[in-house]
Amino acid sequence: MCDATQVLDLSKPHRRRNPLTDEWVIVSPQRATRPWSGRTDGGARLGMPTYDPNCYLCPGNERAGGQQNPTYTSTFVFDNDFAALLPHEVVPNARPESDGELFVLDDADGTCRVLCFSPRHDLTLAHMSVDQVLTVIDLWRDQLAELGARYRWVQIFETRGAISGASNPHPHGQIWASSFLPNEAIVEMHNQAAYFERHGTNLLVDYVEREIASGDRLVTHDEHWVVVVPYWAYWPYETLVVPRRPTASLLDLDGAQRRSLAETLGTMLRAFDAVFDTPFPYCSGWHTAPTNGAAGWQLHAHYYPPLLRSADVAKIPASYELLANDQRDMTPEAAAARLRELI
Ligand code: H2U
Ligand code: ZN
């Protein structure tokens, strides 16, 4: 029998709970040394041109649908030519015909857009100036203001790098706005509201102040923003970017918060790139409050970078994870310490 009073040894397998989703992750630090002869992927992009005549996002070029991009000089937005969600103007609202509880149907009303962050094909957010990143933040906010007037959820996101599934290295993100709340939004809304009900404060505001006090999982912070590898991180170098004071939406950011965000994102992204000396791939996006409001909601961005042990070895969700439970090897504390070293 084990001694029930013993303190859990965090260098041995243990589980941590994600309070945003109420899901658990298994942390198995002792496995990080196991041998590896699995998949590798091509890493760095060398000799990238500033303009690529074959890029469908570069200024002046033609897109797959036959549309021509303007010769834009800052940022540029267009409706996705292969949109996953379509607005009711295109697919009229119809009464969903579910067939009992086993065949449930609903419509998928929404708008999808592509956001070009810069006319420069070879740039990344990590290497843009603070003012250039500020124009991207303004673009996110303008889009949220416009689409948020029509849709309940505005998912702003960026997929970077071929390993993460990006179709093009040109610096860009996307927006999928929908009249329905997607799964992640429902779960985070529920858990933040329940915490707010219990404590009268925002879950993530309380959480990041505890992280600043401990320092164990901090990546970078200033008076406005905090970046941490969350206690419950799943991806090897996963981060959470959170404003320190209660802020529900990207639209609530004041000028000082916006400037600090531009600086903070740059600091974090350059540390990412330094981990394996390669442009770090990731899936990332903003969780800004549902546009009709949500109690206790705190604005935040998730960064989910898949790279694990080198520029070309990514974590792939394993069978046990798909069947049973998420699991990671390196501790979140070790990942945060590594990122701090690289700032
Ligand atoms: P990703 O690299 O993040 O997949 O984004 C590229 C998006 O651009 C993708 O959703 C769209 C694709 O549908 N696209 C266009 O809208 N027009 C094009 O000419 C090519 C790609
Ligand atoms: Zn391009």
# chains A, B, ... in the order shown; residues from 1 in each chain; ligands from 1
>>> residues_near_ligand(ligand="ligand 2", cutoff="6 Å", atoms="only C-alpha atoms and all ligand atoms", output="list of chain:residue names")
A:Tyr51, A:Asp52, A:Cys55, A:Leu57, A:Cys58, A:His121, A:His170
>>> residues_near_ligand(ligand="ligand 1", cutoff="8 Å", atoms="only C-alpha atoms and all ligand atoms", output="JSON, numbers by chain")
{"A": [56, 57, 62, 63, 64, 65, 66, 67, 78, 79, 80, 81, 82, 83, 84, 113, 114, 158, 159, 160, 165, 166, 167, 168, 169, 172, 173, 174]}
>>> write_last_selection(atoms="N, CA, C and O atoms", output="compact mmCIF listing (two decimals), in the first residue's frame")
# COMPACT_ATOMS: atom_id res chain seq x y z
N TYR A 56 -0.98 32.70 -53.67
CA TYR A 56 -2.33 33.27 -53.84
C TYR A 56 -2.64 34.36 -52.83
O TYR A 56 -3.71 34.95 -52.86
N LEU A 57 -1.67 34.64 -51.93
CA LEU A 57 -1.89 35.73 -50.97
C LEU A 57 -1.04 36.96 -51.26
O LEU A 57 -1.29 38.04 -50.69
N GLU A 62 -3.37 36.37 -58.59
CA GLU A 62 -4.72 35.80 -58.76
C GLU A 62 -4.91 34.64 -57.78
O GLU A 62 -4.00 33.85 -57.54
N ARG A 63 -6.12 34.56 -57.23
CA ARG A 63 -6.42 33.47 -56.31
C ARG A 63 -7.07 32.31 -57.08
O ARG A 63 -7.44 32.46 -58.25
N ALA A 64 -7.24 31.19 -56.36
CA ALA A 64 -7.77 29.97 -57.00
C ALA A 64 -9.14 30.21 -57.63
O ALA A 64 -9.45 29.66 -58.67
N GLY A 65 -9.95 31.06 -57.00
CA GLY A 65 -11.29 31.31 -57.53
C GLY A 65 -11.31 32.28 -58.71
O GLY A 65 -12.38 32.61 -59.22
N GLY A 66 -10.13 32.77 -59.13
CA GLY A 66 -10.07 33.70 -60.24
C GLY A 66 -10.05 35.16 -59.83
O GLY A 66 -9.85 36.05 -60.66
N GLN A 67 -10.28 35.45 -58.57
CA GLN A 67 -10.24 36.84 -58.08
C GLN A 67 -8.79 37.33 -58.03
O GLN A 67 -7.89 36.55 -57.76
N PHE A 78 -10.06 39.04 -47.28
CA PHE A 78 -11.04 38.64 -48.31
C PHE A 78 -11.87 37.46 -47.81
O PHE A 78 -11.44 36.72 -46.91
N ASP A 79 -13.06 37.31 -48.37
CA ASP A 79 -13.90 36.17 -48.03
C ASP A 79 -13.24 34.91 -48.58
O ASP A 79 -12.80 34.88 -49.74
N ASN A 80 -13.15 33.89 -47.72
CA ASN A 80 -12.51 32.64 -48.11
C ASN A 80 -13.19 32.07 -49.36
O ASN A 80 -14.42 31.93 -49.38
N ASP A 81 -12.39 31.77 -50.39
CA ASP A 81 -12.96 31.25 -51.64
C ASP A 81 -13.47 29.81 -51.47
O ASP A 81 -14.16 29.30 -52.34
N PHE A 82 -13.08 29.18 -50.37
CA PHE A 82 -13.51 27.79 -50.10
C PHE A 82 -14.08 27.73 -48.68
O PHE A 82 -13.65 26.93 -47.86
N ALA A 83 -15.03 28.60 -48.40
CA ALA A 83 -15.54 28.77 -47.04
C ALA A 83 -16.16 27.49 -46.49
O ALA A 83 -16.92 26.81 -47.19
N ALA A 84 -15.85 27.20 -45.22
CA ALA A 84 -16.41 26.02 -44.54
C ALA A 84 -17.82 26.32 -44.01
O ALA A 84 -18.62 25.40 -43.84
N ARG A 113 -13.27 34.21 -43.50
CA ARG A 113 -12.39 35.16 -44.19
C ARG A 113 -10.94 34.79 -44.01
O ARG A 113 -10.59 34.12 -43.04
N VAL A 114 -10.11 35.27 -44.92
CA VAL A 114 -8.66 35.09 -44.84
C VAL A 114 -8.05 36.47 -44.60
O VAL A 114 -8.47 37.46 -45.22
N GLU A 158 -4.83 31.41 -36.44
CA GLU A 158 -3.69 31.34 -37.35
C GLU A 158 -3.15 29.92 -37.33
O GLU A 158 -2.94 29.35 -36.26
N THR A 159 -2.95 29.38 -38.50
CA THR A 159 -2.29 28.09 -38.63
C THR A 159 -0.96 28.37 -39.32
O THR A 159 -0.94 28.92 -40.41
N ARG A 160 0.13 28.05 -38.64
CA ARG A 160 1.44 28.40 -39.17
C ARG A 160 2.30 27.17 -39.38
O ARG A 160 2.42 26.33 -38.48
N GLY A 165 -0.42 22.30 -40.77
CA GLY A 165 -1.48 22.22 -41.77
C GLY A 165 -1.68 23.50 -42.56
O GLY A 165 -2.65 23.61 -43.32
N ALA A 166 -0.80 24.50 -42.38
CA ALA A 166 -0.95 25.74 -43.15
C ALA A 166 -0.70 25.44 -44.63
O ALA A 166 0.20 24.67 -44.97
N SER A 167 -1.49 26.07 -45.48
CA SER A 167 -1.39 25.77 -46.91
C SER A 167 -0.38 26.68 -47.59
O SER A 167 -0.07 26.48 -48.76
N ASN A 168 0.11 27.70 -46.87
CA ASN A 168 0.91 28.73 -47.51
C ASN A 168 1.76 29.44 -46.46
O ASN A 168 1.24 29.80 -45.40
N PRO A 169 3.06 29.67 -46.74
CA PRO A 169 3.90 30.35 -45.74
C PRO A 169 3.65 31.86 -45.63
O PRO A 169 4.10 32.49 -44.68
N HIS A 172 -0.44 34.88 -42.65
CA HIS A 172 -1.89 35.06 -42.75
C HIS A 172 -2.60 34.32 -41.63
O HIS A 172 -2.05 33.42 -41.00
N GLY A 173 -3.82 34.73 -41.39
CA GLY A 173 -4.68 34.04 -40.44
C GLY A 173 -6.05 33.89 -41.06
O GLY A 173 -6.25 34.19 -42.24
N GLN A 174 -6.99 33.42 -40.27
CA GLN A 174 -8.35 33.26 -40.77
C GLN A 174 -9.35 33.69 -39.71
O GLN A 174 -9.01 33.81 -38.52
>>> select_by_dssp(residues="stretch 246-330 of chain A", states="strand (DSSP E)", output="PyMOL selection string")
chain A and resi 282-287+300-304+307-310+313-314+326-328
>>> write_last_selection(atoms="C-alpha atoms", output="PDB file, in the first residue's frame")
ATOM      1  CA  TYR A 282       1.601  26.322 -34.400  1.00  0.00           C
ATOM      2  CA  CYS A 283      -2.183  26.460 -34.364  1.00  0.00           C
ATOM      3  CA  SER A 284      -3.307  29.497 -32.427  1.00  0.00           C
ATOM      4  CA  GLY A 285      -6.302  31.701 -31.930  1.00  0.00           C
ATOM      5  CA  TRP A 286      -8.228  34.138 -29.812  1.00  0.00           C
ATOM      6  CA  HIS A 287     -10.959  33.210 -27.417  1.00  0.00           C
ATOM      7  CA  HIS A 300      -7.115  34.912 -24.060  1.00  0.00           C
ATOM      8  CA  ALA A 301      -5.166  33.351 -26.918  1.00  0.00           C
ATOM      9  CA  HIS A 302      -4.084  29.720 -27.079  1.00  0.00           C
ATOM     10  CA  TYR A 303      -0.910  28.728 -28.923  1.00  0.00           C
ATOM     11  CA  TYR A 304      -0.640  25.030 -29.727  1.00  0.00           C
ATOM     12  CA  LEU A 307       7.096  20.421 -32.251  1.00  0.00           C
ATOM     13  CA  LEU A 308       8.460  18.074 -29.634  1.00  0.00           C
ATOM     14  CA  ARG A 309      12.110  17.158 -29.936  1.00  0.00           C
ATOM     15  CA  SER A 310      13.524  18.889 -33.033  1.00  0.00           C
ATOM     16  CA  VAL A 313       9.663  15.854 -34.983  1.00  0.00           C
ATOM     17  CA  ALA A 314       6.131  16.823 -34.030  1.00  0.00           C
ATOM     18  CA  ASP A 326      -4.362  13.279 -23.365  1.00  0.00           C
ATOM     19  CA  GLN A 327      -0.784  12.757 -22.208  1.00  0.00           C
ATOM     20  CA  ARG A 328       2.512  14.655 -22.336  1.00  0.00           C
TER      21      ARG A 328
END
>>> atom_distance(atom1="atom CA of A:Leu339", atom2="atom CA of A:Leu139")
28.0 Å
>>> closest_residue(among="A:Leu253, A:Leu20, A:Leu102, A:Val130", to="A:Gly266", atoms="only C-alpha atoms")
A:Val130
>>> select_by_dssp(residues="stretch 111-300 of chain A", states="alpha helix (DSSP H)", output="PyMOL selection string")
chain A and resi 130-148+183-199+203-214+255-275
>>> residues_around(residues="A:Gly200", least_positions_apart="5", cutoff="12 Å", atoms="only C-alpha atoms", output="list in words")
Gln192, Ala193, Ala194, Tyr195, Val205, Asp206, Pro246, Ala295, Gly296 and Trp297 of chain A
>>> residues_around(residues="A:Ser118", least_positions_apart="4", cutoff="7 Å", atoms="only C-alpha atoms", output="PyMOL selection string")
chain A and resi 74-75+171
>>> write_last_selection(atoms="N, CA, C and O atoms", output="PDB file, in the first residue's frame")
ATOM      1  N   SER A  74      -0.387  47.031 -46.624  1.00  0.00           N
ATOM      2  CA  SER A  74      -0.355  46.770 -45.185  1.00  0.00           C
ATOM      3  C   SER A  74      -1.026  45.418 -44.917  1.00  0.00           C
ATOM      4  O   SER A  74      -0.418  44.377 -45.106  1.00  0.00           O
ATOM      5  N   THR A  75      -2.295  45.417 -44.494  1.00  0.00           N
ATOM      6  CA  THR A  75      -3.015  44.156 -44.309  1.00  0.00           C
ATOM      7  C   THR A  75      -4.105  44.054 -45.377  1.00  0.00           C
ATOM      8  O   THR A  75      -4.440  45.048 -46.023  1.00  0.00           O
ATOM      9  N   PRO A 171       2.429  35.218 -44.468  1.00  0.00           N
ATOM     10  CA  PRO A 171       1.847  35.446 -43.133  1.00  0.00           C
ATOM     11  C   PRO A 171       0.358  35.769 -43.212  1.00  0.00           C
ATOM     12  O   PRO A 171      -0.038  36.776 -43.780  1.00  0.00           O
TER      13      PRO A 171
END
>>> closest_residue(among="A:His127, A:Arg245, A:Arg16, A:Arg141", to="A:Tyr231", atoms="only C-alpha atoms")
A:Arg16
>>> closest_residue(among="A:Ser249, A:Gln257, A:Thr278, A:Asn69", to="A:Ala145", atoms="only C-alpha atoms")
A:Ser249
>>> residues_around(residues="A:Ala337", least_positions_apart="6", cutoff="9 Å", atoms="only C-alpha atoms", output="list in words")
Asp216, Arg217, Leu218 and Val219 of chain A
>>> closest_residue(among="A:Phe76, A:Ser28, A:Trp176, A:Arg15", to="A:Thr135", atoms="only C-alpha atoms")
A:Phe76
>>> residues_around(residues="A:Pro70", least_positions_apart="5", cutoff="9 Å", atoms="only C-alpha atoms", output="mmCIF file with N, CA and C atoms, in the first residue's frame")
data_model
loop_
_atom_site.group_PDB
_atom_site.id
_atom_site.type_symbol
_atom_site.label_atom_id
_atom_site.label_comp_id
_atom_site.auth_asym_id
_atom_site.auth_seq_id
_atom_site.Cartn_x
_atom_site.Cartn_y
_atom_site.Cartn_z
ATOM 1 N N PRO A 59 0.384 40.371 -52.959
ATOM 2 C CA PRO A 59 -0.326 41.476 -53.622
ATOM 3 C C PRO A 59 -0.331 41.315 -55.134
ATOM 4 N N GLY A 60 -1.474 41.619 -55.742
ATOM 5 C CA GLY A 60 -1.589 41.629 -57.198
ATOM 6 C C GLY A 60 -1.798 40.255 -57.824
ATOM 7 N N ASN A 61 -1.631 39.177 -57.044
ATOM 8 C CA ASN A 61 -1.738 37.826 -57.628
ATOM 9 C C ASN A 61 -3.184 37.354 -57.730
ATOM 10 N N PHE A 76 -4.663 42.851 -45.539
ATOM 11 C CA PHE A 76 -5.681 42.647 -46.573
ATOM 12 C C PHE A 76 -6.592 41.484 -46.153
#
>>> atom_distance(atom1="atom CA of A:Phe280", atom2="atom CA of A:Phe117")
17.0 Å
